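Data block below; observations after.
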Number of protein chains: 2
Amino acid sequence: MKTLLDERNLPALARGCAVLGAGGGGDLHLGTLMALQAIHDNQAVPLVDLDELPGDGLVMVCGELGTPIVSSEKIENGAEGRRLREYVESLWGKPVVALMSVEIGGWNGLLPVAWAARMGLPVLDADGTGRAFPEVQMATMSLAGVPSSPTVMTDERGSVIVLRTPTDKWTERLARATAVELGGVAAIAGYNLTVARAREATVRGSVSLAIEIGQAIEAAPGDPVDALVDKLGAFRLVAGKVLDVERRTTKGFVRGSVVVEGLGDDGGRLVRLELQNENLVALERGEVLASVPDNISVLDSATADAISTEMVRYGQRVTVIAFPSAPVWRTPRGIEIVGPRAFGYDFDYVPVEEIFRGRSRDR
Amino acid sequence: MKTLLDERNLPALARGCAVLGAGGGGDLHLGTLMALQAIHDNQAVPLVDLDELPGDGLVMVCGELGTPIVSSEKIENGAEGRRLREYVESLWGKPVVALMSVEIGGWNGLLPVAWAARMGLPVLDADGTGRAFPEVQMATMSLAGVPSSPTVMTDERGSVIVLRTPTDKWTERLARATAVELGGVAAIAGYNLTVARAREATVRGSVSLAIEIGQAIEAAPGDPVDALVDKLGAFRLVAGKVLDVERRTTKGFVRGSVVVEGLGDDGGRLVRLELQNENLVALERGEVLASVPDNISVLDSATADAISTEMVRYGQRVTVIAFPSAPVWRTPRGIEIVGPRAFGYDFDYVPVEEIFRGRSRDR
């Protein structure tokens, strides 16, 4: 066991999940309260490494799918995780030995902790993206050839849907339509796999990384944004205030754009973020400052807390940063699945550090 | 065994299914060709009564869900029925002894015959509506307390979706969203049940009735519409030509209205039909001539062939008839599920024979 997830490190984990979420993944405030309550009512959750578990052990890869903001009002009834587990165990014919977040970013980084506390299971120090992405097929398991099928979904009313599909994109289509019909979000377990396969098909160490990120902010002796930028090796895209937000919730996603007006040293600059659940692209005068798969985060300039795409609003003082994605997303296959063109943009991916080469890192 | 379904009686069955379909249920021409081919390539299909089968035998209740017209271009690959059966048998842990149409009306009255021919299984002389209705919960099994869950869906690409829901209306919602995402229609098996339960929860004899209806038209010595009206004890709502059609395919249904202008004895009359996959209501000067659950059919005035809501078009010479639904739909619970108010109309159901009492039956 690497550590116990409990009330001491959960707030740091939540802050880290928000930063890694690239703007996506929903309301961490509510998520933190729910995980703390689950741990208080039951037990702390062991965080374990893949090497600590037997190779043939079954990992349930889980989280929530849909429009993140909906989770703030459409709250789970507490039985969703157990119900997913029951069906996953029945489909695979063996017990689940650990839960893993399908994505560490946002609320999905905490939800499996809440479920694991109620079930007495450990959580893996790994996830399926190293950040958050909006669609099912955008997972390292898909890259590694682990099928999303069979995928199990459930909701607070007790419906259970099992999807078997020919491709992970079909899982995305059917799971999205199902989540929309269930009210906007649903609990989901897909890409379930053995520990042995997970060793090659996941982003390892991402829960520990999220805790470290949160602790770096908490323990910052000076400016917490400085501390976070140092910790991540991030690039500052702009510091200023939110000038405009255009946002709509449609077909199971939140889409839109955010314009940040530079202040101080960045006076006169306008940086535009485009989003689909997550921040996808940062543009200035038509030039790309950063893009998927690299992580673009909007931080509160005073506290360094990441602000989700659904909570960002006019007048907030923010610093926008970008930092490299997990290496697997920067391979040709990775870029095919989650690069700019996968989201409909007509330009090629350039790593954020190449874009900033020659520029001042702290422009 | 009551009879063998083969090339001799299949055309009559198809004509009968069209009449019982109340305008719904899709393209019988294509459906007839597919069923004939399946029988030609494999074997004729025994039509059996529920009393011929063991009480604990499992009946697969099946058909297609979605926008009927889509079936004309999105054709099955032939494996759908077998795949549904495989999952139904696995979920129930026993073999399927017979197939039953979820609804006798339209293409769904023939599809299980095609599937049964390929599998070497009999088809039950019964169905789940006695006509066609647009939504999943509008089934006699639902009235009798047989749950639609678990429902299995599949399509020509090989996806398999298993739905478990708290209510049959939730099955409708999730199955509809799934069918839309799969392209507009999907193969479905829900309300699967034992022979013993089917004896109390279905409309019995409906396949035989459909064949008799078709044969009455085929064998008519004079006007086939007269022969059909006699056979059904139907009421003529109007005879004339189609003056206007307003129709849109949306959210997995076809919706709209049809106006028929009276000719000859009916000169000067205008009768308006409103539809959701099926003909729901017939109105004249704001008065109801007939409504769900009673069956409203638009017939070709020359041949007495029923014209589906998706094939009706300007200029066709038609006779609109109405006849009583299966008795179970005329009970208070039945009217609650499939009466006018269940479709959003603000008036109470009056049986068609009461509306026409005092009027000339052949007005």
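Letters A, B, ... mark the chains of the structure tokens in the order given; residue numbers begin at 1 per chain; ligand numbers begin at 1, in order shown.
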I need the chain B residues near chain A as a list in words; criterion: at most 7 Å, counting only C-alpha atoms.
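Close to chain A, chain B has Gly158, Ser159, Val160, Ile161, Val162, Leu163, Arg164, Thr165, Pro166, Arg173, Leu174, Ala177, Thr178 and Glu181 of chain B.
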Within 8 Å of Asp300 in chain B, counting only C-alpha atoms, which residues show up once you throw out same-chain ones fewer than 3 positions away? Write them as a ChimeraX atom specification, please.
/B:303-307,316-319
Pick out the residues sitting within 10 Å of Gly130 in chain A, and hand them over as a VMD selection string; count only C-alpha atoms, and ignore anything fewer than 5 positions along from it in its own chain.
chain A and resid 17 20 to 21 101 to 105 109 139 to 140 202 to 207 209 to 210 295 325 to 329
Please determine, counting only C-alpha atoms, which residue among B:Met138, B:Asp125, B:Gly240, B:Ile69 has the shortest atom-to-atom distance to Arg199 in chain B.
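Smallest distance to Arg199 in chain B is found for B:Asp125.
Nearest-residue note for Val70 in chain B: choosing from B:Val254, B:Met119, B:Leu111, B:Val146, the minimum distance belongs to B:Val254, counting only C-alpha atoms.
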Mind doing a quick least-squares superposition of chain B onto chain A, all C-alpha atoms paired one-to-one in order, and writing it out as a CSV table (one decimal) with C-alpha atoms, in the first residue's frame?
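File produced: part03.csv:
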chain,number,residue,atom,x,y,z
B,1,MET,CA,0.0,0.0,0.0
B,2,LYS,CA,1.3,3.4,-0.9
B,3,THR,CA,-0.8,5.4,1.5
B,4,LEU,CA,-4.3,5.6,3.0
B,5,LEU,CA,-6.7,8.1,1.3
B,6,ASP,CA,-8.5,9.8,4.1
B,7,GLU,CA,-9.5,13.3,5.4
B,8,ARG,CA,-5.9,14.4,5.6
B,9,ASN,CA,-5.0,14.0,1.9
B,10,LEU,CA,-8.4,14.1,0.2
B,11,PRO,CA,-8.5,17.9,-0.1
B,12,ALA,CA,-5.1,17.9,-1.7
B,13,LEU,CA,-6.2,15.0,-4.0
B,14,ALA,CA,-9.3,17.1,-5.0
B,15,ARG,CA,-7.2,20.2,-5.8
B,16,GLY,CA,-4.9,18.0,-7.9
B,17,CYS,CA,-7.7,16.4,-9.7
B,18,ALA,CA,-9.1,19.8,-10.6
B,19,VAL,CA,-5.8,20.9,-12.1
B,20,LEU,CA,-5.3,17.7,-14.0
B,21,GLY,CA,-8.9,17.9,-15.2
B,22,ALA,CA,-8.1,20.6,-17.9
B,23,GLY,CA,-11.3,22.3,-16.9
B,24,GLY,CA,-13.5,19.2,-17.0
B,25,GLY,CA,-14.8,16.7,-14.6
B,26,GLY,CA,-17.4,18.6,-12.6
B,27,ASP,CA,-17.9,20.0,-9.2
B,28,LEU,CA,-15.0,19.0,-6.9
B,29,HIS,CA,-16.5,20.8,-3.9
B,30,LEU,CA,-19.5,18.4,-3.8
B,31,GLY,CA,-17.3,15.5,-4.8
B,32,THR,CA,-14.9,16.1,-1.9
B,33,LEU,CA,-17.8,16.3,0.6
B,34,MET,CA,-19.2,13.0,-0.8
B,35,ALA,CA,-15.9,11.2,-0.6
B,36,LEU,CA,-15.1,12.6,2.9
B,37,GLN,CA,-18.6,11.4,4.1
B,38,ALA,CA,-18.1,8.0,2.5
B,39,ILE,CA,-14.7,7.6,4.3
B,40,HIS,CA,-16.1,9.0,7.6
B,41,ASP,CA,-19.1,6.5,7.5
B,42,ASN,CA,-17.0,3.6,6.4
B,43,GLN,CA,-13.2,3.5,6.3
B,44,ALA,CA,-10.1,5.1,4.7
B,45,VAL,CA,-9.2,3.8,1.3
B,46,PRO,CA,-5.8,2.1,0.6
B,47,LEU,CA,-4.1,3.5,-2.5
B,48,VAL,CA,-2.2,0.6,-4.1
B,49,ASP,CA,0.3,0.2,-6.9
B,50,LEU,CA,-0.4,-2.3,-9.7
B,51,ASP,CA,2.7,-4.2,-8.7
B,52,GLU,CA,1.1,-5.0,-5.3
B,53,LEU,CA,-1.8,-6.9,-6.9
B,54,PRO,CA,-2.1,-10.3,-8.5
B,55,GLY,CA,-1.8,-10.2,-12.3
B,56,ASP,CA,-5.2,-11.9,-12.9
B,57,GLY,CA,-7.1,-9.7,-10.5
B,58,LEU,CA,-10.0,-7.8,-12.0
B,59,VAL,CA,-9.9,-4.0,-12.0
B,60,MET,CA,-13.1,-2.1,-12.3
B,61,VAL,CA,-12.5,1.1,-14.3
B,62,CYS,CA,-15.2,3.5,-13.3
B,63,GLY,CA,-16.5,7.1,-13.1
B,64,GLU,CA,-19.3,9.2,-14.3
B,65,LEU,CA,-20.2,10.0,-18.0
B,66,GLY,CA,-22.1,13.0,-19.2
B,67,THR,CA,-22.4,16.8,-18.6
B,68,PRO,CA,-20.4,17.4,-15.4
B,69,ILE,CA,-22.4,20.2,-14.0
B,70,VAL,CA,-25.5,18.0,-13.9
B,71,SER,CA,-23.9,16.0,-11.1
B,72,SER,CA,-24.3,19.0,-8.8
B,73,GLU,CA,-28.0,18.6,-8.8
B,74,LYS,CA,-28.5,15.0,-9.9
B,75,ILE,CA,-26.8,13.4,-7.0
B,76,GLU,CA,-26.1,9.7,-6.7
B,77,ASN,CA,-28.0,7.6,-4.2
B,78,GLY,CA,-24.9,5.8,-3.0
B,79,ALA,CA,-25.7,2.4,-4.5
B,80,GLU,CA,-24.3,3.1,-8.0
B,81,GLY,CA,-20.8,1.8,-7.3
B,82,ARG,CA,-21.9,-1.4,-5.7
B,83,ARG,CA,-24.4,-2.0,-8.5
B,84,LEU,CA,-21.7,-1.5,-11.2
B,85,ARG,CA,-19.4,-3.9,-9.3
B,86,GLU,CA,-22.1,-6.6,-9.0
B,87,TYR,CA,-22.6,-6.6,-12.8
B,88,VAL,CA,-18.9,-6.3,-13.6
B,89,GLU,CA,-18.2,-9.3,-11.4
B,90,SER,CA,-21.0,-11.3,-12.9
B,91,LEU,CA,-19.9,-10.5,-16.5
B,92,TRP,CA,-16.2,-11.4,-15.8
B,93,GLY,CA,-17.0,-14.2,-13.4
B,94,LYS,CA,-14.5,-13.1,-10.8
B,95,PRO,CA,-14.3,-10.6,-7.9
B,96,VAL,CA,-13.1,-7.0,-8.4
B,97,VAL,CA,-9.8,-6.5,-6.5
B,98,ALA,CA,-9.5,-2.7,-6.9
B,99,LEU,CA,-11.2,0.3,-8.5
B,100,MET,CA,-9.5,2.6,-10.9
B,101,SER,CA,-10.7,6.1,-12.1
B,102,VAL,CA,-11.3,6.1,-15.8
B,103,GLU,CA,-9.8,9.6,-15.7
B,104,ILE,CA,-8.0,11.3,-12.8
B,105,GLY,CA,-9.2,14.7,-13.8
B,106,GLY,CA,-12.1,16.4,-12.0
B,107,TRP,CA,-14.8,14.6,-10.0
B,108,ASN,CA,-13.9,11.3,-11.7
B,109,GLY,CA,-10.7,11.3,-9.8
B,110,LEU,CA,-12.6,11.2,-6.5
B,111,LEU,CA,-15.7,9.2,-7.2
B,112,PRO,CA,-14.0,5.8,-7.2
B,113,VAL,CA,-12.5,6.8,-3.8
B,114,ALA,CA,-16.1,7.3,-2.4
B,115,TRP,CA,-17.3,4.0,-3.9
B,116,ALA,CA,-14.2,2.1,-2.7
B,117,ALA,CA,-14.7,3.5,0.9
B,118,ARG,CA,-18.2,2.0,0.9
B,119,MET,CA,-17.1,-1.3,-0.5
B,120,GLY,CA,-13.8,-1.8,1.5
B,121,LEU,CA,-11.8,-2.0,-1.7
B,122,PRO,CA,-8.5,-0.3,-2.6
B,123,VAL,CA,-8.1,2.3,-5.3
B,124,LEU,CA,-5.3,2.0,-7.9
B,125,ASP,CA,-2.6,4.6,-8.2
B,126,ALA,CA,-3.3,4.9,-12.0
B,127,ASP,CA,-6.0,6.1,-14.3
B,128,GLY,CA,-7.1,5.9,-18.0
B,129,THR,CA,-6.1,9.3,-19.3
B,130,GLY,CA,-3.7,11.2,-16.9
B,131,ARG,CA,-6.1,14.1,-17.2
B,132,ALA,CA,-9.8,14.3,-18.4
B,133,PHE,CA,-11.1,13.9,-21.9
B,134,PRO,CA,-14.7,14.2,-23.0
B,135,GLU,CA,-15.2,11.0,-24.9
B,136,VAL,CA,-15.1,7.3,-24.1
B,137,GLN,CA,-12.6,6.2,-26.8
B,138,MET,CA,-10.1,8.8,-25.5
B,139,ALA,CA,-8.6,6.4,-23.0
B,140,THR,CA,-5.1,4.8,-22.8
B,141,MET,CA,-6.9,1.4,-22.6
B,142,SER,CA,-8.3,2.0,-26.0
B,143,LEU,CA,-4.8,2.9,-27.3
B,144,ALA,CA,-3.5,-0.4,-25.8
B,145,GLY,CA,-6.3,-2.4,-27.4
B,146,VAL,CA,-8.3,-3.1,-24.3
B,147,PRO,CA,-11.9,-3.1,-25.3
B,148,SER,CA,-14.4,-0.8,-23.6
B,149,SER,CA,-17.0,-3.6,-24.0
B,150,PRO,CA,-18.8,-4.8,-22.1
B,151,THR,CA,-19.6,-1.5,-20.4
B,152,VAL,CA,-22.0,-1.3,-17.5
B,153,MET,CA,-24.0,1.9,-16.7
B,154,THR,CA,-26.4,2.7,-14.0
B,155,ASP,CA,-28.2,5.6,-12.3
B,156,GLU,CA,-29.8,6.6,-9.0
B,157,ARG,CA,-33.2,5.2,-10.1
B,158,GLY,CA,-31.8,1.7,-10.5
B,159,SER,CA,-31.6,1.2,-14.3
B,160,VAL,CA,-28.7,-1.0,-15.4
B,161,ILE,CA,-27.5,-0.9,-19.0
B,162,VAL,CA,-24.9,-3.3,-20.4
B,163,LEU,CA,-23.3,-2.2,-23.8
B,164,ARG,CA,-21.3,-4.5,-26.1
B,165,THR,CA,-20.1,-2.7,-29.1
B,166,PRO,CA,-17.8,-3.3,-32.1
B,167,THR,CA,-15.7,-0.3,-31.4
B,168,ASP,CA,-15.0,2.2,-28.5
B,169,LYS,CA,-16.5,5.0,-30.6
B,170,TRP,CA,-19.7,3.0,-30.6
B,171,THR,CA,-19.5,2.7,-26.9
B,172,GLU,CA,-19.2,6.5,-26.7
B,173,ARG,CA,-22.2,7.0,-28.9
B,174,LEU,CA,-24.5,4.6,-27.1
B,175,ALA,CA,-23.2,5.5,-23.6
B,176,ARG,CA,-23.7,9.2,-24.4
B,177,ALA,CA,-27.3,8.7,-25.6
B,178,THR,CA,-28.0,6.6,-22.6
B,179,ALA,CA,-26.6,9.2,-20.2
B,180,VAL,CA,-28.5,12.0,-21.8
B,181,GLU,CA,-31.7,10.0,-21.5
B,182,LEU,CA,-31.0,9.2,-17.9
B,183,GLY,CA,-30.9,12.9,-17.2
B,184,GLY,CA,-27.5,14.1,-18.3
B,185,VAL,CA,-25.0,11.9,-16.3
B,186,ALA,CA,-24.7,8.3,-15.4
B,187,ALA,CA,-22.3,6.0,-13.5
B,188,ILE,CA,-20.2,3.9,-15.8
B,189,ALA,CA,-17.7,1.1,-15.7
B,190,GLY,CA,-16.0,0.3,-19.0
B,191,TYR,CA,-12.5,-0.9,-20.1
B,192,ASN,CA,-12.5,-3.2,-17.0
B,193,LEU,CA,-9.3,-5.3,-17.2
B,194,THR,CA,-6.9,-7.5,-15.4
B,195,VAL,CA,-4.1,-6.1,-13.3
B,196,ALA,CA,-1.6,-7.5,-15.7
B,197,ARG,CA,-3.1,-5.7,-18.7
B,198,ALA,CA,-3.5,-2.5,-16.6
B,199,ARG,CA,0.2,-2.4,-16.0
B,200,GLU,CA,0.7,-1.7,-19.8
B,201,ALA,CA,-2.5,0.2,-20.5
B,202,THR,CA,-2.9,2.9,-18.0
B,203,VAL,CA,-1.2,6.1,-16.8
B,204,ARG,CA,0.5,5.0,-13.6
B,205,GLY,CA,1.1,7.1,-10.5
B,206,SER,CA,-1.6,9.6,-11.3
B,207,VAL,CA,-3.4,9.6,-8.0
B,208,SER,CA,-0.1,10.2,-6.2
B,209,LEU,CA,0.7,13.0,-8.7
B,210,ALA,CA,-2.7,14.6,-8.0
B,211,ILE,CA,-2.0,14.6,-4.3
B,212,GLU,CA,1.5,16.1,-4.8
B,213,ILE,CA,0.0,18.8,-7.0
B,214,GLY,CA,-2.6,19.7,-4.3
B,215,GLN,CA,0.1,19.6,-1.6
B,216,ALA,CA,2.4,21.9,-3.6
B,217,ILE,CA,-0.4,24.5,-3.8
B,218,GLU,CA,-1.3,24.0,-0.1
B,219,ALA,CA,2.3,24.3,1.1
B,220,ALA,CA,3.4,27.1,-1.2
B,221,PRO,CA,5.5,29.6,0.8
B,222,GLY,CA,4.8,32.4,-1.6
B,223,ASP,CA,2.5,32.7,-4.7
B,224,PRO,CA,0.6,29.4,-5.1
B,225,VAL,CA,0.5,29.8,-8.9
B,226,ASP,CA,4.3,30.0,-9.0
B,227,ALA,CA,4.5,26.9,-6.9
B,228,LEU,CA,2.1,25.0,-9.2
B,229,VAL,CA,3.9,26.2,-12.4
B,230,ASP,CA,7.2,24.9,-10.9
B,231,LYS,CA,5.7,21.6,-9.8
B,232,LEU,CA,4.2,20.9,-13.3
B,233,GLY,CA,6.8,22.5,-15.5
B,234,ALA,CA,3.9,24.5,-16.9
B,235,PHE,CA,3.8,27.4,-19.3
B,236,ARG,CA,1.8,30.6,-18.5
B,237,LEU,CA,-0.5,31.4,-21.4
B,238,VAL,CA,-1.9,34.6,-20.0
B,239,ALA,CA,-2.8,36.2,-16.7
B,240,GLY,CA,-5.8,38.6,-16.5
B,241,LYS,CA,-9.5,38.5,-16.1
B,242,VAL,CA,-12.3,36.6,-17.8
B,243,LEU,CA,-13.9,38.9,-20.4
B,244,ASP,CA,-16.5,36.7,-22.0
B,245,VAL,CA,-18.0,33.2,-21.6
B,246,GLU,CA,-20.1,31.5,-24.2
B,247,ARG,CA,-21.3,28.1,-23.0
B,248,ARG,CA,-24.1,25.7,-23.8
B,249,THR,CA,-25.0,22.3,-22.5
B,250,THR,CA,-26.0,20.1,-25.4
B,251,LYS,CA,-26.1,16.4,-26.3
B,252,GLY,CA,-24.4,15.3,-23.1
B,253,PHE,CA,-21.5,17.9,-23.3
B,254,VAL,CA,-20.8,21.4,-22.3
B,255,ARG,CA,-19.4,23.3,-25.3
B,256,GLY,CA,-18.4,26.9,-25.9
B,257,SER,CA,-15.5,29.4,-25.4
B,258,VAL,CA,-13.9,31.6,-22.9
B,259,VAL,CA,-12.0,34.9,-23.6
B,260,VAL,CA,-9.4,36.0,-21.1
B,261,GLU,CA,-8.2,39.6,-21.3
B,262,GLY,CA,-4.6,40.1,-20.1
B,263,LEU,CA,-3.8,42.5,-17.2
B,264,GLY,CA,-0.5,43.8,-15.9
B,265,ASP,CA,2.4,42.5,-18.0
B,266,ASP,CA,-0.2,40.8,-20.3
B,267,GLY,CA,-2.2,44.0,-20.8
B,268,GLY,CA,-3.7,44.3,-24.2
B,269,ARG,CA,-3.7,40.5,-24.9
B,270,LEU,CA,-6.8,38.5,-25.6
B,271,VAL,CA,-6.6,34.7,-25.3
B,272,ARG,CA,-9.5,32.5,-26.3
B,273,LEU,CA,-10.1,29.0,-25.0
B,274,GLU,CA,-12.4,26.6,-26.8
B,275,LEU,CA,-14.0,23.8,-24.9
B,276,GLN,CA,-15.9,20.5,-25.0
B,277,ASN,CA,-16.2,19.6,-21.3
B,278,GLU,CA,-12.5,20.3,-21.1
B,279,ASN,CA,-10.4,23.2,-22.5
B,280,LEU,CA,-9.3,22.0,-25.9
B,281,VAL,CA,-7.4,24.8,-27.5
B,282,ALA,CA,-5.9,28.2,-26.5
B,283,LEU,CA,-5.7,30.8,-29.3
B,284,GLU,CA,-4.3,34.3,-29.6
B,285,ARG,CA,-4.8,36.3,-32.8
B,286,GLY,CA,-5.5,33.0,-34.5
B,287,GLU,CA,-2.3,31.4,-33.4
B,288,VAL,CA,-2.3,28.3,-31.3
B,289,LEU,CA,-0.8,28.7,-27.8
B,290,ALA,CA,-1.6,25.2,-26.7
B,291,SER,CA,-3.9,22.4,-27.7
B,292,VAL,CA,-5.0,18.9,-26.8
B,293,PRO,CA,-3.6,16.5,-25.8
B,294,ASP,CA,-1.6,19.0,-23.6
B,295,ASN,CA,-3.5,20.1,-20.5
B,296,ILE,CA,-4.9,23.7,-20.4
B,297,SER,CA,-6.0,24.8,-17.0
B,298,VAL,CA,-7.6,28.0,-15.9
B,299,LEU,CA,-6.4,28.9,-12.3
B,300,ASP,CA,-7.7,31.3,-9.8
B,301,SER,CA,-4.8,33.8,-9.8
B,302,ALA,CA,-4.9,34.2,-6.0
B,303,THR,CA,-5.3,30.6,-4.8
B,304,ALA,CA,-4.1,28.5,-7.9
B,305,ASP,CA,-7.3,26.5,-7.6
B,306,ALA,CA,-8.4,25.2,-11.1
B,307,ILE,CA,-11.7,26.6,-12.3
B,308,SER,CA,-13.8,24.2,-14.3
B,309,THR,CA,-15.2,25.1,-17.7
B,310,GLU,CA,-18.7,25.1,-16.1
B,311,MET,CA,-17.7,27.5,-13.2
B,312,VAL,CA,-15.6,30.0,-15.1
B,313,ARG,CA,-17.4,33.4,-15.4
B,314,TYR,CA,-17.0,37.0,-16.2
B,315,GLY,CA,-14.7,39.0,-14.1
B,316,GLN,CA,-12.7,36.2,-12.5
B,317,ARG,CA,-9.0,36.9,-12.1
B,318,VAL,CA,-7.3,34.0,-13.7
B,319,THR,CA,-4.0,32.6,-14.9
B,320,VAL,CA,-4.2,30.2,-17.8
B,321,ILE,CA,-1.5,27.6,-17.9
B,322,ALA,CA,-0.6,24.6,-20.1
B,323,PHE,CA,1.6,21.6,-19.5
B,324,PRO,CA,2.5,18.4,-21.3
B,325,SER,CA,0.1,15.5,-21.4
B,326,ALA,CA,1.1,12.0,-20.4
B,327,PRO,CA,3.7,10.8,-23.0
B,328,VAL,CA,1.4,8.1,-24.5
B,329,TRP,CA,-0.9,10.8,-25.9
B,330,ARG,CA,2.0,12.4,-27.7
B,331,THR,CA,2.7,9.3,-29.9
B,332,PRO,CA,1.2,9.3,-33.4
B,333,ARG,CA,-1.6,6.9,-32.3
B,334,GLY,CA,-2.3,9.1,-29.3
B,335,ILE,CA,-2.5,12.3,-31.4
B,336,GLU,CA,-4.8,10.5,-33.8
B,337,ILE,CA,-7.3,9.8,-31.0
B,338,VAL,CA,-7.0,13.0,-28.9
B,339,GLY,CA,-5.1,15.5,-31.0
B,340,PRO,CA,-6.7,18.7,-32.4
B,341,ARG,CA,-7.9,16.9,-35.6
B,342,ALA,CA,-9.9,14.4,-33.4
B,343,PHE,CA,-11.9,17.3,-32.2
B,344,GLY,CA,-12.5,18.8,-35.6
B,345,TYR,CA,-9.6,21.3,-35.8
B,346,ASP,CA,-7.7,21.7,-39.0
B,347,PHE,CA,-4.2,22.0,-37.6
B,348,ASP,CA,-1.5,19.6,-36.4
B,349,TYR,CA,-0.5,19.2,-32.8
B,350,VAL,CA,2.6,20.9,-31.6
B,351,PRO,CA,3.9,20.1,-28.1
B,352,VAL,CA,3.4,23.1,-25.8
B,353,GLU,CA,7.2,23.3,-25.0
B,354,GLU,CA,7.9,23.6,-28.7
B,355,ILE,CA,5.5,26.4,-29.1
B,356,PHE,CA,7.1,28.2,-26.2
B,357,ARG,CA,10.7,27.5,-27.3
B,358,GLY,CA,12.3,30.8,-27.8
B,359,ARG,CA,9.6,32.6,-26.0
B,360,SER,CA,10.0,33.6,-22.4
B,361,ARG,CA,8.6,30.7,-20.4
B,362,ASP,CA,6.9,33.2,-18.1
B,363,ARG,CA,5.6,35.5,-20.8
Can you check which residues of range 75-139 of chain A DSSP gives as helix (DSSP H, G or I) on the backbone and send them as a PyMOL selection string?
chain A and resi 80-92+106-109+111-119
Could you write out the selected residues, including N, CA and C atoms, as a CSV table (one decimal), in the first residue's frame?
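Generated output (selection_8.csv):
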chain,number,residue,atom,x,y,z
A,80,GLU,N,-24.7,3.2,-6.6
A,80,GLU,CA,-24.3,3.1,-8.0
A,80,GLU,C,-23.0,2.2,-8.1
A,81,GLY,N,-22.0,2.5,-7.2
A,81,GLY,CA,-20.7,1.8,-7.3
A,81,GLY,C,-20.9,0.3,-7.1
A,82,ARG,N,-21.7,0.0,-6.0
A,82,ARG,CA,-21.9,-1.4,-5.7
A,82,ARG,C,-22.6,-2.1,-6.8
A,83,ARG,N,-23.6,-1.4,-7.4
A,83,ARG,CA,-24.4,-2.0,-8.5
A,83,ARG,C,-23.5,-2.3,-9.7
A,84,LEU,N,-22.6,-1.3,-10.1
A,84,LEU,CA,-21.7,-1.5,-11.2
A,84,LEU,C,-20.8,-2.7,-10.9
A,85,ARG,N,-20.3,-2.8,-9.6
A,85,ARG,CA,-19.4,-3.9,-9.3
A,85,ARG,C,-20.1,-5.2,-9.4
A,86,GLU,N,-21.4,-5.3,-8.9
A,86,GLU,CA,-22.1,-6.6,-9.0
A,86,GLU,C,-22.2,-7.1,-10.4
A,87,TYR,N,-22.5,-6.2,-11.4
A,87,TYR,CA,-22.6,-6.6,-12.8
A,87,TYR,C,-21.3,-6.9,-13.4
A,88,VAL,N,-20.3,-6.1,-13.1
A,88,VAL,CA,-18.9,-6.3,-13.6
A,88,VAL,C,-18.4,-7.7,-13.1
A,89,GLU,N,-18.6,-8.0,-11.9
A,89,GLU,CA,-18.2,-9.3,-11.3
A,89,GLU,C,-19.0,-10.5,-12.0
A,90,SER,N,-20.2,-10.2,-12.2
A,90,SER,CA,-21.0,-11.3,-12.9
A,90,SER,C,-20.6,-11.5,-14.3
A,91,LEU,N,-20.3,-10.4,-15.0
A,91,LEU,CA,-19.9,-10.5,-16.4
A,91,LEU,C,-18.5,-11.1,-16.6
A,92,TRP,N,-17.6,-10.9,-15.7
A,92,TRP,CA,-16.3,-11.4,-15.8
A,92,TRP,C,-16.1,-12.7,-15.0
A,106,GLY,N,-10.8,16.0,-12.5
A,106,GLY,CA,-12.1,16.4,-12.0
A,106,GLY,C,-12.7,15.4,-11.0
A,107,TRP,N,-14.0,15.4,-10.9
A,107,TRP,CA,-14.8,14.6,-10.0
A,107,TRP,C,-14.5,13.1,-10.2
A,108,ASN,N,-14.2,12.7,-11.4
A,108,ASN,CA,-13.9,11.3,-11.7
A,108,ASN,C,-12.7,10.8,-11.0
A,109,GLY,N,-11.8,11.7,-10.6
A,109,GLY,CA,-10.7,11.3,-9.8
A,109,GLY,C,-11.0,10.9,-8.3
A,111,LEU,N,-14.5,10.1,-7.4
A,111,LEU,CA,-15.7,9.2,-7.2
A,111,LEU,C,-15.4,7.8,-6.9
A,112,PRO,N,-14.4,7.2,-7.5
A,112,PRO,CA,-14.0,5.8,-7.2
A,112,PRO,C,-13.5,5.7,-5.7
A,113,VAL,N,-13.0,6.8,-5.2
A,113,VAL,CA,-12.5,6.8,-3.8
A,113,VAL,C,-13.8,6.7,-2.9
A,114,ALA,N,-14.8,7.4,-3.2
A,114,ALA,CA,-16.0,7.3,-2.4
A,114,ALA,C,-16.6,5.9,-2.5
A,115,TRP,N,-16.7,5.4,-3.7
A,115,TRP,CA,-17.3,4.1,-3.9
A,115,TRP,C,-16.4,3.0,-3.2
A,116,ALA,N,-15.1,3.1,-3.3
A,116,ALA,CA,-14.2,2.1,-2.6
A,116,ALA,C,-14.3,2.2,-1.1
A,117,ALA,N,-14.5,3.4,-0.6
A,117,ALA,CA,-14.7,3.5,0.9
A,117,ALA,C,-15.9,2.7,1.3
A,118,ARG,N,-17.0,2.8,0.5
A,118,ARG,CA,-18.2,2.0,0.9
A,118,ARG,C,-18.1,0.5,0.7
A,119,MET,N,-17.2,0.1,-0.2
A,119,MET,CA,-17.1,-1.3,-0.5
A,119,MET,C,-15.9,-2.0,0.2
